[in-house]
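Structure file work38.tsv; described as TSV, C-alpha atoms and all ligand atoms.
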```tsv
chain	number	residue	atom	x	y	z
A	1	MET	CA	101.60	101.77	94.52
A	2	SER	CA	103.62	104.43	92.73
A	3	SER	CA	106.86	105.14	94.51
A	4	PRO	CA	110.39	106.49	94.15
A	5	ASP	CA	113.30	104.42	92.82
A	6	THR	CA	114.30	103.37	96.32
A	7	GLN	CA	111.08	101.38	96.75
A	8	HIS	CA	110.65	98.10	94.87
A	9	TRP	CA	107.52	96.01	95.04
A	10	ASN	CA	107.69	92.25	95.37
A	11	PRO	CA	104.18	90.87	94.73
A	12	ALA	CA	104.71	87.76	96.90
A	13	GLN	CA	106.01	89.83	99.82
A	14	TYR	CA	103.16	92.30	99.29
A	15	GLY	CA	100.59	89.50	99.33
A	16	LYS	CA	101.99	88.22	102.64
A	17	ASN	CA	102.49	91.53	104.46
A	18	ALA	CA	100.02	93.94	102.90
A	19	ARG	CA	96.85	92.18	101.77
A	20	PHE	CA	95.03	94.25	104.40
A	21	VAL	CA	95.56	97.34	102.19
A	22	SER	CA	93.03	96.19	99.60
A	23	ASP	CA	90.86	94.41	102.21
A	24	LEU	CA	90.39	97.75	103.98
A	25	GLY	CA	89.67	99.58	100.73
A	26	MET	CA	85.99	98.66	100.42
A	27	PRO	CA	84.70	101.86	102.11
A	28	VAL	CA	86.44	103.83	99.36
A	29	VAL	CA	84.73	101.66	96.73
A	30	GLU	CA	81.43	102.41	98.48
A	31	LEU	CA	82.17	106.15	98.41
A	32	LEU	CA	82.89	105.83	94.68
A	33	SER	CA	79.54	104.11	94.21
A	34	PRO	CA	80.57	102.59	90.88
A	35	GLN	CA	77.78	101.98	88.38
A	36	PRO	CA	77.73	99.13	85.84
A	37	GLY	CA	79.12	100.28	82.50
A	38	GLU	CA	81.12	103.17	83.95
A	39	ARG	CA	84.67	103.62	82.67
A	40	ILE	CA	86.97	103.94	85.67
A	41	LEU	CA	90.69	104.61	86.06
A	42	ASP	CA	92.33	102.94	89.09
A	43	LEU	CA	95.32	105.14	89.87
A	44	GLY	CA	98.02	103.13	91.66
A	45	CYS	CA	96.23	99.82	91.13
A	46	GLY	CA	99.06	97.67	92.51
A	47	ASP	CA	98.40	93.97	91.98
A	48	GLY	CA	94.78	94.73	91.11
A	49	ALA	CA	93.12	93.16	94.16
A	50	LEU	CA	90.71	96.09	94.48
A	51	THR	CA	90.55	96.84	90.75
A	52	ILE	CA	88.97	93.45	90.21
A	53	LYS	CA	86.16	94.34	92.62
A	54	LEU	CA	85.27	97.26	90.34
A	55	VAL	CA	85.28	94.93	87.33
A	56	GLU	CA	83.03	92.49	89.23
A	57	LEU	CA	80.61	95.38	89.81
A	58	GLY	CA	80.28	95.71	86.04
A	59	CYS	CA	82.68	98.60	85.43
A	60	ASN	CA	85.09	98.95	82.56
A	61	VAL	CA	88.34	99.54	84.45
A	62	VAL	CA	91.84	100.58	83.44
A	63	GLY	CA	94.54	100.20	86.13
A	64	VAL	CA	97.84	102.07	86.15
A	65	ASP	CA	100.79	101.65	88.47
A	66	SER	CA	104.49	102.53	88.38
A	67	SER	CA	105.56	99.00	89.40
A	68	ILE	CA	106.25	96.64	86.49
A	69	GLU	CA	106.03	93.66	88.86
A	70	MET	CA	102.67	94.63	90.34
A	71	VAL	CA	101.18	95.43	86.93
A	72	ALA	CA	102.31	91.99	85.73
A	73	VAL	CA	100.28	90.39	88.55
A	74	ALA	CA	97.28	92.62	87.77
A	75	LYS	CA	97.46	91.45	84.14
A	76	LEU	CA	97.56	87.82	85.29
A	77	ARG	CA	94.22	88.52	86.98
A	78	GLY	CA	92.93	89.46	83.52
A	79	LEU	CA	92.92	93.21	84.20
A	80	ASP	CA	93.61	95.98	81.70
A	81	ALA	CA	96.67	97.29	83.58
A	82	HIS	CA	99.52	99.51	82.44
A	83	VAL	CA	102.84	100.68	83.83
A	84	MET	CA	102.50	104.43	84.25
A	85	ASP	CA	103.71	107.05	86.73
A	86	GLY	CA	100.65	108.49	88.48
A	87	GLN	CA	102.30	111.90	88.25
A	88	SER	CA	102.15	111.83	84.45
A	89	VAL	CA	98.99	110.00	83.46
A	90	ARG	CA	98.18	110.32	79.78
A	91	PHE	CA	94.42	110.11	79.30
A	92	ASN	CA	92.08	112.70	77.86
A	93	HIS	CA	88.45	113.26	78.96
A	94	GLU	CA	87.58	109.55	78.85
A	95	PHE	CA	86.77	108.37	82.40
A	96	ASP	CA	83.57	108.65	84.44
A	97	ALA	CA	85.67	108.33	87.60
A	98	VAL	CA	89.24	108.10	88.85
A	99	PHE	CA	89.65	105.89	91.92
A	100	SER	CA	92.73	105.56	94.13
A	101	ASN	CA	93.35	103.55	97.30
A	102	ALA	CA	96.56	103.77	99.37
A	103	ALA	CA	98.68	105.06	96.51
A	104	LEU	CA	98.56	108.87	96.39
A	105	HIS	CA	100.97	109.21	99.34
A	106	TRP	CA	103.73	107.73	97.15
A	107	MET	CA	103.29	110.55	94.59
A	108	LYS	CA	105.13	113.55	95.93
A	109	ASN	CA	103.97	115.95	93.24
A	110	PRO	CA	100.23	116.20	93.97
A	111	GLU	CA	99.68	119.13	91.60
A	112	ARG	CA	100.75	116.96	88.67
A	113	VAL	CA	98.64	114.04	89.90
A	114	ILE	CA	95.55	116.22	90.22
A	115	ALA	CA	96.14	117.87	86.83
A	116	GLY	CA	96.42	114.43	85.20
A	117	VAL	CA	93.25	113.21	86.92
A	118	TRP	CA	91.39	116.33	85.79
A	119	ARG	CA	92.48	115.75	82.19
A	120	ALA	CA	91.54	112.05	82.35
A	121	LEU	CA	87.98	112.77	83.55
A	122	LYS	CA	84.95	113.61	81.45
A	123	PRO	CA	83.04	116.73	82.58
A	124	GLY	CA	81.01	115.66	85.61
A	125	GLY	CA	83.52	112.89	86.43
A	126	ARG	CA	84.44	111.92	90.00
A	127	PHE	CA	87.81	111.69	91.73
A	128	VAL	CA	87.48	109.44	94.79
A	129	GLY	CA	90.33	108.24	96.93
A	130	GLU	CA	91.95	107.44	100.23
A	131	PHE	CA	95.58	107.70	101.28
A	132	GLY	CA	97.79	108.61	104.21
A	133	GLY	CA	96.96	111.95	105.83
A	134	ASN	CA	98.94	114.23	108.09
A	135	GLY	CA	100.39	112.21	110.99
A	136	ASN	CA	100.16	108.90	109.16
A	137	VAL	CA	102.56	106.29	110.63
A	138	ALA	CA	104.18	109.11	112.62
A	139	THR	CA	105.34	106.76	115.38
A	140	ILE	CA	107.06	104.51	112.85
A	141	VAL	CA	108.62	107.44	110.98
A	142	THR	CA	110.02	108.86	114.22
A	143	ALA	CA	111.64	105.53	115.12
A	144	LEU	CA	113.05	105.11	111.60
A	145	GLU	CA	114.52	108.62	111.64
A	146	LEU	CA	116.01	108.12	115.10
A	147	ALA	CA	117.65	104.82	114.18
A	148	LEU	CA	119.01	106.35	110.97
A	149	SER	CA	120.34	109.47	112.69
A	150	SER	CA	122.28	107.28	115.16
A	151	ARG	CA	123.99	105.93	112.02
A	152	GLY	CA	124.69	109.44	110.74
A	153	LYS	CA	122.00	109.29	108.04
A	154	VAL	CA	119.09	111.54	107.13
A	155	VAL	CA	116.46	110.48	104.57
A	156	ALA	CA	113.91	112.94	103.19
A	157	THR	CA	110.38	111.66	103.70
A	158	PRO	CA	109.40	109.41	100.79
A	159	TRP	CA	105.71	110.12	101.40
A	160	PHE	CA	103.16	112.89	100.96
A	161	PHE	CA	100.81	112.98	103.95
A	162	PRO	CA	98.87	116.26	103.65
A	163	SER	CA	96.43	117.81	106.08
A	164	LEU	CA	92.76	117.95	105.11
A	165	GLY	CA	93.01	121.70	104.41
A	166	GLN	CA	96.12	121.28	102.29
A	167	TYR	CA	94.61	118.59	100.06
A	168	LYS	CA	91.24	120.35	99.76
A	169	ALA	CA	93.07	123.49	98.62
A	170	LEU	CA	95.03	121.50	96.03
A	171	LEU	CA	91.83	119.98	94.60
A	172	GLU	CA	90.06	123.35	94.56
A	173	ALA	CA	93.05	125.04	92.92
A	174	ARG	CA	92.39	122.72	89.94
A	175	CYS	CA	88.66	123.65	90.11
A	176	PHE	CA	87.45	120.33	91.53
A	177	GLU	CA	84.30	120.61	93.64
A	178	VAL	CA	85.06	118.80	96.89
A	179	GLU	CA	81.96	116.82	97.89
A	180	THR	CA	83.38	115.15	101.01
A	181	ILE	CA	86.77	115.12	102.66
A	182	GLU	CA	87.69	113.70	106.05
A	183	ILE	CA	90.79	112.73	107.98
A	184	PHE	CA	90.70	110.10	110.72
A	185	PRO	CA	93.02	107.82	112.66
A	186	ARG	CA	92.72	104.17	111.64
A	187	PRO	CA	95.09	102.08	113.75
A	188	THR	CA	95.63	99.06	111.52
A	189	LEU	CA	96.26	95.51	112.68
A	190	LEU	CA	99.22	94.00	110.82
A	191	PRO	CA	99.24	90.40	109.60
A	192	GLY	CA	102.63	89.76	111.20
A	193	ASP	CA	105.19	91.74	113.10
A	194	LEU	CA	106.38	95.23	112.24
A	195	GLY	CA	109.46	93.77	110.53
A	196	GLY	CA	107.26	92.54	107.67
A	197	TRP	CA	105.72	96.00	107.29
A	198	LEU	CA	109.16	97.65	107.29
A	199	ASP	CA	110.49	95.15	104.72
A	200	THR	CA	107.54	95.85	102.46
A	201	PHE	CA	107.00	99.59	102.86
A	202	ALA	CA	110.03	101.30	104.42
A	203	GLN	CA	112.63	100.55	101.76
A	204	PRO	CA	113.39	104.25	101.14
A	205	TYR	CA	114.81	104.20	104.69
A	206	THR	CA	116.37	100.73	104.82
A	207	ASN	CA	117.91	101.00	101.35
A	208	SER	CA	119.84	104.10	102.40
A	209	LEU	CA	122.05	101.76	104.46
A	210	PRO	CA	124.63	99.21	103.32
A	211	VAL	CA	123.02	95.77	102.85
A	212	ALA	CA	124.95	94.34	105.82
A	213	GLU	CA	123.41	96.90	108.20
A	214	ARG	CA	119.77	96.56	107.16
A	215	LEU	CA	118.70	93.59	109.29
A	216	GLY	CA	120.18	95.16	112.42
A	217	PHE	CA	118.47	98.45	111.60
A	218	ILE	CA	115.07	96.79	111.19
A	219	SER	CA	115.49	94.81	114.44
A	220	GLU	CA	116.37	97.99	116.30
A	221	VAL	CA	113.23	99.77	115.03
A	222	VAL	CA	111.04	96.73	115.82
A	223	ASP	CA	112.48	96.51	119.36
A	224	ALA	CA	111.99	100.25	119.94
A	225	LEU	CA	108.34	100.13	118.83
A	226	GLY	CA	107.30	96.90	120.56
A	227	PRO	CA	106.16	98.69	123.73
A	228	VAL	CA	104.12	101.18	121.65
A	229	LEU	CA	102.64	99.20	118.73
A	230	CYS	CA	102.49	95.58	119.97
A	231	ASP	CA	99.85	94.44	122.44
A	232	THR	CA	100.30	91.87	125.20
A	233	ASP	CA	99.06	89.08	122.87
A	234	GLY	CA	101.79	89.89	120.34
A	235	ASN	CA	99.50	91.67	117.83
A	236	TRP	CA	101.17	94.53	115.98
A	237	SER	CA	99.36	97.53	114.59
A	238	ALA	CA	100.47	100.59	112.63
A	239	ASP	CA	99.32	104.13	113.46
A	240	TYR	CA	97.59	104.84	110.15
A	241	VAL	CA	95.76	108.12	109.53
A	242	ARG	CA	93.50	108.13	106.46
A	243	LEU	CA	92.52	111.07	104.27
A	244	ARG	CA	89.39	110.12	102.31
A	245	PHE	CA	87.73	112.36	99.73
A	246	ALA	CA	85.30	112.59	96.84
A	247	ALA	CA	85.53	115.46	94.36
A	248	THR	CA	83.81	116.26	91.08
A	249	LYS	CA	84.96	117.88	87.87
A	250	PRO	CA	82.08	120.27	87.13
A	251	ASN	CA	79.79	119.48	84.20
A	252	THR	CA	80.66	122.80	82.65
A	253	ALA	CA	84.42	122.08	82.66
A	254	THR	CA	86.36	121.03	79.62
B	301	LIG	C1	99.79	103.88	103.96
B	301	LIG	O1	99.03	103.13	103.34
B	301	LIG	O2	99.36	104.79	104.66
B	301	LIG	C2	101.25	103.71	103.87
B	301	LIG	C3	101.76	102.55	103.43
B	301	LIG	C4	103.12	102.42	103.33
B	301	LIG	C5	103.95	103.44	103.66
B	301	LIG	C6	103.44	104.58	104.10
B	301	LIG	C7	102.07	104.73	104.20
```

Encoded form using structure tokens:
Amino acid sequence: MSSPDTQHWNPAQYGKNARFVSDLGMPVVELLSPQPGERILDLGCGDGALTIKLVELGCNVVGVDSSIEMVAVAKLRGLDAHVMDGQSVRFNHEFDAVFSNAALHWMKNPERVIAGVWRALKPGGRFVGEFGGNGNVATIVTALELALSSRGKVVATPWFFPSLGQYKALLEARCFEVETIEIFPRPTLLPGDLGGWLDTFAQPYTNSLPVAERLGFISEVVDALGPVLCDTDGNWSADYVRLRFAATKPNTAT
């Protein structure tokens, strides 16, 4: 859930428009294969909906997220959650695993993320995660950029969507052993129309415009993408591409 200053998380809006994010995170939990008693760091824990699953499996979990509002909700669930930028995590050799679902694409300095994860892990610890890979939401990004450029605006991408080779190289550069890594399209059914998704996730684009222009901008993008992302029954989906990986800090590392 970490993100630049132009993105603000509203837990109620997130619950309405984005609950699918944690619902679809169970395969990453399975890849993590958490064991009772393990100490796990959930990097970008958001409102803790998935963190709590790890706790229910008997793990001792710490969640971190850059959003004060989302961490407050995670704490209300009884979780040990802290406001922290995922690009500067401050833990030393104390976790059996670092887990991250749908958060790493908000952290545009992956070298710092990976270095912090490495430091946080015990020797032999696992780094397991899933986030947006190369081509993620490309159709939506193209429409956003087009609608902005017709208003004379350009916004640098707020997201980091690497290729498989790029992310594997980043992990290996920090001496992680990459056990599995895959990239795959996962068209994702949205709970409402694309407007809800844009309100929740595309603020770096919408907030570049004066407040009075934002509704019109969102309607224009929704109208442009209807023929592409909405089926004849009115169901919207987003063109997600997932990058899923499991890597290990070698036993011999310090
Ligand atoms: C994602 O989960 O892939 C994602 C969510 C919001 C914005 C961009 C990507």

Checklist line | Test item: residues lying within 6 Å of ligand LIG 301 (chain B) with all atoms listed in the file, as a list in words | finding: Ala102, Phe131, Gly132, Phe201 and Tyr240 of chain A

Kindly export the residues of the current selection with C-alpha atoms, as a CSV table (one decimal), keeping the file's coordinate frame.
```csv
chain,number,residue,atom,x,y,z
A,102,ALA,CA,96.6,103.8,99.4
A,131,PHE,CA,95.6,107.7,101.3
A,132,GLY,CA,97.8,108.6,104.2
A,201,PHE,CA,107.0,99.6,102.9
A,240,TYR,CA,97.6,104.8,110.2
```

Check: Could you name the residues that touch Trp236 of chain A at 9 Å or less, counting only C-alpha atoms, but leaving out those on the same chain fewer than 3 positions away, as a count of residues only?
Finding: 11

Next item on the list: List the neighbours of segment 38-49 of chain A out to 8 Å using all atoms listed in the file; skip same-chain residues closer than 6 positions along the sequence, and give me the result as a PyMOL selection string.
Entry: chain A and resi 1-2+11+22+58-67+70-74+77+79+81+86+94-104

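Residues within 12 Å of Ala224 of chain A, counting only C-alpha atoms and excluding same-chain residues fewer than 5 positions away, are A:Thr139, A:Ile140, A:Val141, A:Thr142, A:Ala143, A:Leu144, A:Leu146, A:Ala147, A:Leu194, A:Gly195, A:Phe217, A:Ile218, A:Ser219, A:Leu229, A:Cys230.
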
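We find atom CA of Ser208 of chain A and atom CA of Leu148 of chain A to be spaced 8.9 Å apart.
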
Notebook entry, point to check: Which residues come within 9 Å of segment 114-125 of chain A, counting only C-alpha atoms, excluding same-chain residues fewer than 4 positions away, as a PyMOL selection string?
Noted result: chain A and resi 41+43+86-98+109-110+170-171+174-176+247-254

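Excluding Pro162 of chain A itself and any same-chain residue fewer than 5 positions from it, the protein and nucleic acid residues within 7 Å of it, counting all atoms listed in the file, are Gly133, Asn134 and Tyr167 of chain A.
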
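Minimum atom-to-atom distance to Ser149 of chain A, evaluated using all atoms listed in the file, belongs to A:Leu209 out of A:Met84, A:Leu57, A:Leu209, A:Val29.
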
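Between atom CA of Gly165 of chain A and atom CA of Leu243 of chain A lies a distance of 10.6 Å.
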
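With all atoms listed in the file as the atoms that count, the minimum distance from Phe184 of chain A to the choices A:Leu54, A:Ala212, A:Val241, A:Ala169 is reached by A:Val241.
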
Note to self: I'd like the interatomic distance between atom CA of Phe245 of chain A and atom CA of Thr180 of chain A, to a tenth of an Å.
What the structure shows: 5.3 Å

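The nearest approach to Val28 of chain A among the residues A:Glu130, A:Asp233, A:Asp85, A:Asp80, with only C-alpha atoms taken into account, belongs to A:Glu130.
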
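Among the candidate residues A:Pro27, A:Pro187, A:Gly234, A:Pro158, the one lying nearest to Thr206 of chain A is A:Pro158, with distances computed using all atoms listed in the file.
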